Amino acid sequence: MKIVEVSDRRSRKQFLDVVEAIYHDDPAYVRPLDAMIEEVFDPNQNAYFNHGTATRFILLDSDEVIGRVAAFVNYKKANGFEQPTGGLGFFECVNNQKAAFLLFDAAQKWLKEQEMEAMDGPINFGENDNFWGCLVEGFTQPGFGMQYNPPYYKDFFQAYGFVTYFEQITNHLDLTVPFPERFWKIAGWVVKKEGFSFKHFKIKEADRFIDDFETVYNDAWRFHENFTPIDKKVLKATMMKAKAFMMEDLIWYAYHDNKPIGFLVLFPDVNQILKHFNGKLTLWNKLRFLWMKRKKVMTRARVVILGVVPKFQRSGIESGLFWHLKGVVDKNPHLKELELSWVGDFNPKMRVLQESMGAAFGKKHITFRYVFNHKNNQEVRAASIPVDTKYNAKTEKEL
């Protein structure tokens with residue numbers, strides 16, 4: 001077996017097409033668009049190259065491609081950990097542990113050359129709403145952007161020496177079943193309270209809403225471990241790419257005295273269409289996409305992100321956002337399910353919120369960490385977000 005770094009058109013195609021050998025008889029698998037993956041490794045399209053670097057490898061057995069992996073460093077994040085930490089992602093491999101270890105070794109060797117001392121995986125060279133974590137429970141059709149893999153990948157990571165850095169839970173919400181009455185009582189109170197207002201996203205006012213998103217995100221996420229402010233260019237690019245399938249009124253913002261304090265972002269699950277395209281967005285598939293969209297093939301939506309600034313947490317704002325979403329769902333009866341993905345075990349407040357909505361378990365992913373000094377591996381775990389960030393923010397302001 002031989003490791004080859006991806007460097008030309010042929011090896012890029014091999015990197016993409018290896019999934020055919022791995023998932024050819026898996027009905028749940030949805031091949032991501034080739035163009036979407038290629039964008040991750042294109043410095044002209046991925047803003048993370050402004051503060052990072054990446055490479056990728058394929059594994060050959062004779063002339064047959066049997067695996068792939070990518071390695072990358074986001075310098076804004078890497079040096080914020082106890083040990084400089086890079087990333088490993090886009091891992092795919094036939095059911096052969098020796099092959100998997102060769103791919104892990106290639107990523108580790110390259111990351112050491114970048115002066116890293118650990119690697120997280122499988123993760124993305126971008127935001128964590130796409131291609132993040134190893135699926136270990138719930139091997140059903142993935143929502144758009146959600147990681148899917150065979151069950152044996154978990155064994156490969158653990159046998160190599162990776163340990164759990166954090167667990168990610170995805171819950172599902174049946175929209176044909178009413179929310180608990182208590183949830184709506186809180187929501188009804190919030191939406192009528194003086195000073196509060198709610199607006200849905202409008203593409204023609206995208207710049208204003210993106211500014212509001214940045215304001216909320218950078219306040220609400222600052223208590224996360226190794227927090228870095230969101231890159232507005234990345235956010236805008238994401239919104240523009242989603243323009244073809246987004247529903248404006250599935251994205252809601254909350255305001256207090258006209259200042260942004262929260263948001264809820266949902267996208268229709270375009271994987272329900274893309275599963276028919278085998279990763280190719282040809283002209284014919286573009287026409288098929290428009291036809292299936294009109295036929296309302298997308299019957300579920302994914303909650304990509306939900307956030308409220310610390311000052312207004314525990315004030316029912318989340319309920320108010322879902323209150324407005326309910327009206328949209330009522331007008332679109334073809335929407336039957338919400339995928340709430342994903343919530344890390346470091347975020348207990350969000351897990352409690354999903355339980356209060358009556359959400360049911362759907363999937364579990366694990367983001368692993370491998371410290372190159374094996375002795376420290378068992379001590380690695382992501383820090384939990386403080387339960388009372390509202391109090392922490394108040395104390396921080398007073399200091």
# chains A, B, ... in the order shown; residues from 1 in each chain; ligands from 1
$ closest_atom_pairs --of "range 263-349 of chain A" --to "range 127-138 of chain A" --cutoff "12 Å" --atoms "only C-alpha atoms" --output "JSON lines"
{"residue": "A:Val265", "atom": "CA", "partner": "A:Asp129", "partner_atom": "CA", "distance": 11.4}
{"residue": "A:Leu266", "atom": "CA", "partner": "A:Asp129", "partner_atom": "CA", "distance": 11.7}
{"residue": "A:Phe267", "atom": "CA", "partner": "A:Asp129", "partner_atom": "CA", "distance": 11.7}
{"residue": "A:Arg302", "atom": "CA", "partner": "A:Asp129", "partner_atom": "CA", "distance": 10.5}
{"residue": "A:Val303", "atom": "CA", "partner": "A:Asp129", "partner_atom": "CA", "distance": 10.0}
{"residue": "A:Val304", "atom": "CA", "partner": "A:Asp129", "partner_atom": "CA", "distance": 6.6}
{"residue": "A:Ile305", "atom": "CA", "partner": "A:Asp129", "partner_atom": "CA", "distance": 8.1}
{"residue": "A:Leu306", "atom": "CA", "partner": "A:Asp129", "partner_atom": "CA", "distance": 11.7}
{"residue": "A:Leu340", "atom": "CA", "partner": "A:Asp129", "partner_atom": "CA", "distance": 11.4}
{"residue": "A:Ser341", "atom": "CA", "partner": "A:Asp129", "partner_atom": "CA", "distance": 8.3}
{"residue": "A:Trp342", "atom": "CA", "partner": "A:Asp129", "partner_atom": "CA", "distance": 7.9}
{"residue": "A:Val343", "atom": "CA", "partner": "A:Asp129", "partner_atom": "CA", "distance": 10.5}
{"residue": "A:Gly344", "atom": "CA", "partner": "A:Gly133", "partner_atom": "CA", "distance": 10.5}
$ write_last_selection --atoms "N, CA and C atoms" --output "mmCIF file, in the first residue's frame"
data_model
loop_
_atom_site.group_PDB
_atom_site.id
_atom_site.type_symbol
_atom_site.label_atom_id
_atom_site.label_comp_id
_atom_site.auth_asym_id
_atom_site.auth_seq_id
_atom_site.Cartn_x
_atom_site.Cartn_y
_atom_site.Cartn_z
ATOM 1 N N VAL A 265 -31.391 29.529 12.817
ATOM 2 C CA VAL A 265 -31.160 29.318 11.395
ATOM 3 C C VAL A 265 -31.506 27.884 11.011
ATOM 4 N N LEU A 266 -32.453 27.746 10.100
ATOM 5 C CA LEU A 266 -32.836 26.447 9.564
ATOM 6 C C LEU A 266 -32.671 26.460 8.055
ATOM 7 N N PHE A 267 -32.234 25.340 7.510
ATOM 8 C CA PHE A 267 -32.194 25.146 6.066
ATOM 9 C C PHE A 267 -33.007 23.900 5.731
ATOM 10 N N ARG A 302 -33.166 21.293 8.734
ATOM 11 C CA ARG A 302 -32.127 21.126 9.745
ATOM 12 C C ARG A 302 -31.904 22.439 10.473
ATOM 13 N N VAL A 303 -31.970 22.384 11.808
ATOM 14 C CA VAL A 303 -31.601 23.534 12.624
ATOM 15 C C VAL A 303 -30.076 23.574 12.672
ATOM 16 N N VAL A 304 -29.505 24.501 11.928
ATOM 17 C CA VAL A 304 -28.047 24.574 11.810
ATOM 18 C C VAL A 304 -27.441 25.252 13.029
ATOM 19 N N ILE A 305 -28.102 26.298 13.532
ATOM 20 C CA ILE A 305 -27.539 27.032 14.667
ATOM 21 C C ILE A 305 -28.628 27.830 15.369
ATOM 22 N N LEU A 306 -28.519 27.899 16.669
ATOM 23 C CA LEU A 306 -29.430 28.667 17.519
ATOM 24 C C LEU A 306 -28.581 29.345 18.584
ATOM 25 N N LEU A 340 -32.355 18.644 14.691
ATOM 26 C CA LEU A 340 -31.682 19.610 15.567
ATOM 27 C C LEU A 340 -30.230 19.163 15.710
ATOM 28 N N SER A 341 -29.382 19.674 14.840
ATOM 29 C CA SER A 341 -28.015 19.157 14.816
ATOM 30 C C SER A 341 -27.006 20.309 14.791
ATOM 31 N N TRP A 342 -25.949 20.122 15.500
ATOM 32 C CA TRP A 342 -25.798 19.142 16.555
ATOM 33 C C TRP A 342 -25.506 19.890 17.851
ATOM 34 N N VAL A 343 -25.622 19.209 19.010
ATOM 35 C CA VAL A 343 -25.335 19.840 20.297
ATOM 36 C C VAL A 343 -24.262 19.021 21.007
ATOM 37 N N GLY A 344 -23.164 19.678 21.377
ATOM 38 C CA GLY A 344 -22.083 18.985 22.060
ATOM 39 C C GLY A 344 -22.393 18.739 23.527
#
$ residues_around --residues "range 175-192 of chain A" --least-positions-apart "2" --cutoff "6 Å" --atoms "only C-alpha atoms" --output "PyMOL selection string"
chain A and resi 319-320+323+336-337+357
$ write_last_selection --atoms "C-alpha atoms" --output "short mmCIF file (atom, residue, chain, number, x, y, z; two decimals), in the first residue's frame"
data_model
loop_
_atom_site.label_atom_id
_atom_site.label_comp_id
_atom_site.auth_asym_id
_atom_site.auth_seq_id
_atom_site.Cartn_x
_atom_site.Cartn_y
_atom_site.Cartn_z
CA SER A 319 -39.10 29.81 22.68
CA GLY A 320 -40.03 33.07 20.99
CA TRP A 323 -43.04 30.51 18.13
CA LYS A 336 -42.76 17.02 8.68
CA GLU A 337 -39.54 16.93 10.69
CA MET A 357 -39.44 20.74 23.03
#
$ select_by_dssp --residues "range 159-291 of chain A" --states "alpha helix (DSSP H)" --output "VMD selection string"
chain A and resid 159 to 160 181 to 192 206 to 220 232 to 241 271 to 274 283 to 291
$ select_by_dssp --residues "range 120-229 of chain A" --states "strand (DSSP E or B)" --output "PyMOL selection string"
chain A and resi 120-121+134-137+163-174+196-200
$ closest_residue --among "A:Asp345, A:Val309, A:Phe139, A:Tyr165" --to "Tyr217 in chain A" --atoms "only C-alpha atoms"
A:Val309
$ residues_around --residues "Arg300 in chain A" --least-positions-apart "6" --cutoff "12 Å" --atoms "only C-alpha atoms" --output "short mmCIF file (atom, residue, chain, number, x, y, z; two decimals) with N, CA and C atoms, in the first residue's frame"
data_model
loop_
_atom_site.label_atom_id
_atom_site.label_comp_id
_atom_site.auth_asym_id
_atom_site.auth_seq_id
_atom_site.Cartn_x
_atom_site.Cartn_y
_atom_site.Cartn_z
N GLN A 141 -30.26 8.23 6.98
CA GLN A 141 -29.84 9.23 5.99
C GLN A 141 -29.46 10.53 6.68
N PRO A 142 -28.27 11.05 6.39
CA PRO A 142 -27.80 12.27 7.05
C PRO A 142 -28.47 13.51 6.49
N GLY A 143 -28.61 14.52 7.34
CA GLY A 143 -29.03 15.82 6.88
C GLY A 143 -27.89 16.49 6.12
N PHE A 144 -28.20 17.51 5.37
CA PHE A 144 -27.20 18.20 4.55
C PHE A 144 -26.07 18.73 5.43
N HIS A 172 -34.26 14.72 16.78
CA HIS A 172 -35.26 14.91 15.73
C HIS A 172 -36.57 15.37 16.36
N LEU A 173 -37.24 16.28 15.69
CA LEU A 173 -38.50 16.83 16.18
C LEU A 173 -39.59 16.54 15.16
N ASP A 174 -40.59 15.78 15.57
CA ASP A 174 -41.72 15.44 14.71
C ASP A 174 -42.68 16.62 14.68
N LEU A 175 -42.78 17.28 13.53
CA LEU A 175 -43.61 18.47 13.43
C LEU A 175 -45.10 18.17 13.35
N THR A 176 -45.44 16.89 13.23
CA THR A 176 -46.86 16.52 13.22
C THR A 176 -47.39 16.36 14.64
N LEU A 250 -37.50 30.59 7.32
CA LEU A 250 -37.02 29.57 8.27
C LEU A 250 -35.80 30.08 9.04
N LEU A 266 -32.45 27.75 10.10
CA LEU A 266 -32.84 26.45 9.56
C LEU A 266 -32.67 26.46 8.06
N PHE A 267 -32.23 25.34 7.51
CA PHE A 267 -32.19 25.15 6.07
C PHE A 267 -33.01 23.90 5.73
N PRO A 268 -33.78 23.94 4.65
CA PRO A 268 -34.41 22.70 4.18
C PRO A 268 -33.34 21.66 3.91
N ASP A 269 -33.67 20.39 4.14
CA ASP A 269 -32.68 19.34 3.98
C ASP A 269 -32.52 18.99 2.51
N VAL A 270 -31.59 19.67 1.87
CA VAL A 270 -31.37 19.48 0.44
C VAL A 270 -30.80 18.10 0.12
N ASN A 271 -30.35 17.36 1.14
CA ASN A 271 -29.88 15.99 0.89
C ASN A 271 -31.00 15.10 0.36
N GLN A 272 -32.24 15.46 0.64
CA GLN A 272 -33.36 14.68 0.12
C GLN A 272 -33.44 14.77 -1.40
N ILE A 273 -32.81 15.76 -1.97
CA ILE A 273 -32.69 15.88 -3.42
C ILE A 273 -31.33 15.39 -3.90
N VAL A 329 -44.23 26.78 9.61
CA VAL A 329 -44.48 25.35 9.43
C VAL A 329 -45.95 25.10 9.14
N ASN A 332 -46.62 25.57 5.66
CA ASN A 332 -45.90 24.63 4.78
C ASN A 332 -46.06 23.21 5.33
N PRO A 333 -47.24 22.64 5.17
CA PRO A 333 -47.52 21.33 5.76
C PRO A 333 -46.66 20.19 5.22
N HIS A 334 -45.93 20.44 4.12
CA HIS A 334 -45.05 19.39 3.61
C HIS A 334 -43.85 19.18 4.53
N LEU A 335 -43.56 20.16 5.41
CA LEU A 335 -42.46 20.01 6.37
C LEU A 335 -42.93 19.15 7.53
N LYS A 336 -42.31 17.99 7.68
CA LYS A 336 -42.76 17.02 8.68
C LYS A 336 -41.79 16.84 9.85
N GLU A 337 -40.54 17.25 9.66
CA GLU A 337 -39.54 16.93 10.69
C GLU A 337 -38.45 18.00 10.74
N LEU A 338 -37.95 18.26 11.94
CA LEU A 338 -36.78 19.10 12.12
C LEU A 338 -35.65 18.24 12.66
N GLU A 339 -34.47 18.42 12.08
CA GLU A 339 -33.27 17.79 12.63
C GLU A 339 -32.53 18.87 13.41
N LEU A 340 -32.36 18.64 14.69
CA LEU A 340 -31.68 19.61 15.57
C LEU A 340 -30.23 19.16 15.71
#
$ residues_around --residues "range 279-292 of chain A" --least-positions-apart "2" --cutoff "8 Å" --atoms "only C-alpha atoms" --output "count of residues only"
12
$ atom_distance --atom1 "CA of Asn74 in chain A" --atom2 "CA of Thr53 in chain A"
6.9 Å
$ residues_around --residues "Ile230 in chain A" --least-positions-apart "5" --cutoff "8 Å" --atoms "only C-alpha atoms" --output "number ranges by chain"
A: 214, 217-218, 235
$ write_last_selection --atoms "N, CA and C atoms" --output "PDB file, in the first residue's frame"
ATOM      1  N   GLU A 214     -23.347  38.318  13.190  1.00  0.00           N
ATOM      2  CA  GLU A 214     -22.003  38.476  13.757  1.00  0.00           C
ATOM      3  C   GLU A 214     -22.070  39.029  15.178  1.00  0.00           C
ATOM      4  N   TYR A 217     -23.469  36.183  17.488  1.00  0.00           N
ATOM      5  CA  TYR A 217     -22.542  35.054  17.572  1.00  0.00           C
ATOM      6  C   TYR A 217     -21.335  35.379  18.449  1.00  0.00           C
ATOM      7  N   ASN A 218     -20.726  36.521  18.206  1.00  0.00           N
ATOM      8  CA  ASN A 218     -19.501  36.854  18.929  1.00  0.00           C
ATOM      9  C   ASN A 218     -19.736  37.114  20.409  1.00  0.00           C
ATOM     10  N   LEU A 235     -19.340  33.575   6.607  1.00  0.00           N
ATOM     11  CA  LEU A 235     -20.775  33.565   6.839  1.00  0.00           C
ATOM     12  C   LEU A 235     -21.543  33.991   5.589  1.00  0.00           C
TER      13      LEU A 235
END
$ closest_residue --among "A:Gln147, A:Gln168, A:Asn124, A:Asn258" --to "Tyr48 in chain A" --atoms "only C-alpha atoms"
A:Asn124
$ residues_around --residues "Glu64 in chain A" --least-positions-apart "2" --cutoff "10 Å" --atoms "only C-alpha atoms" --output "PyMOL selection string"
chain A and resi 1+14+18+21+59-62+66-67
$ atom_distance --atom1 "CA of Ser197 in chain A" --atom2 "CA of Lys232 in chain A"
23.9 Å
$ atom_distance --atom1 "CA of Tyr370 in chain A" --atom2 "CA of Val163 in chain A"
6.4 Å
$ closest_residue --among "A:His365, A:Met298, A:Lys13, A:Phe166" --to "Phe245 in chain A" --atoms "only C-alpha atoms"
A:Met298
$ closest_residue --among "A:Ala383, A:Ile58, A:Ile251, A:Ala100" --to "Pro348 in chain A" --atoms "only C-alpha atoms"
A:Ala383
$ decode --residues "range 121-179 of chain A" --atoms "C-alpha atoms" --output "short mmCIF file (atom, residue, chain, number, x, y, z; two decimals), in the first residue's frame"
data_model
loop_
_atom_site.label_atom_id
_atom_site.label_comp_id
_atom_site.auth_asym_id
_atom_site.auth_seq_id
_atom_site.Cartn_x
_atom_site.Cartn_y
_atom_site.Cartn_z
CA GLY A 121 -10.84 14.34 13.82
CA PRO A 122 -12.78 13.83 11.83
CA ILE A 123 -13.40 17.56 11.43
CA ASN A 124 -13.65 20.14 8.65
CA PHE A 125 -11.33 22.89 7.43
CA GLY A 126 -14.15 25.35 8.06
CA GLU A 127 -17.07 25.91 10.42
CA ASN A 128 -18.32 22.96 12.46
CA ASP A 129 -21.79 22.87 10.84
CA ASN A 130 -20.37 20.66 8.05
CA PHE A 131 -18.41 17.39 7.96
CA TRP A 132 -17.77 17.25 11.72
CA GLY A 133 -17.48 14.19 13.94
CA CYS A 134 -17.52 10.41 13.53
CA LEU A 135 -21.01 8.91 13.39
CA VAL A 136 -21.35 6.19 16.06
CA GLU A 137 -25.13 5.88 16.50
CA GLY A 138 -28.10 6.51 14.22
CA PHE A 139 -27.00 5.29 10.80
CA THR A 140 -29.91 6.81 8.92
CA GLN A 141 -29.84 9.23 5.99
CA PRO A 142 -27.80 12.27 7.05
CA GLY A 143 -29.03 15.82 6.88
CA PHE A 144 -27.20 18.20 4.55
CA GLY A 145 -23.67 18.82 5.80
CA MET A 146 -23.85 16.13 8.48
CA GLN A 147 -21.09 13.56 8.64
CA TYR A 148 -21.96 9.97 7.67
CA ASN A 149 -19.63 6.98 7.78
CA PRO A 150 -19.61 3.19 8.27
CA PRO A 151 -19.80 1.90 11.88
CA TYR A 152 -16.28 0.49 11.77
CA TYR A 153 -14.66 3.96 11.58
CA LYS A 154 -15.11 4.36 15.34
CA ASP A 155 -13.00 1.23 15.93
CA PHE A 156 -10.23 2.57 13.68
CA PHE A 157 -9.99 5.86 15.56
CA GLN A 158 -10.02 4.24 19.00
CA ALA A 159 -7.55 1.48 18.07
CA TYR A 160 -5.09 4.08 16.77
CA GLY A 161 -5.21 5.95 20.08
CA PHE A 162 -7.76 8.70 19.52
CA VAL A 163 -9.90 9.48 22.57
CA THR A 164 -13.23 11.25 22.84
CA TYR A 165 -12.85 15.01 22.90
CA PHE A 166 -16.58 15.64 22.90
CA GLU A 167 -19.82 13.92 21.91
CA GLN A 168 -22.37 15.51 19.57
CA ILE A 169 -26.06 14.68 19.81
CA THR A 170 -28.57 15.24 17.03
CA ASN A 171 -32.24 15.12 17.99
CA HIS A 172 -35.26 14.91 15.73
CA LEU A 173 -38.50 16.83 16.18
CA ASP A 174 -41.72 15.44 14.71
CA LEU A 175 -43.61 18.47 13.43
CA THR A 176 -46.86 16.52 13.22
CA VAL A 177 -46.86 16.31 17.03
CA PRO A 178 -47.64 19.49 19.04
CA PHE A 179 -44.93 21.01 21.22
#
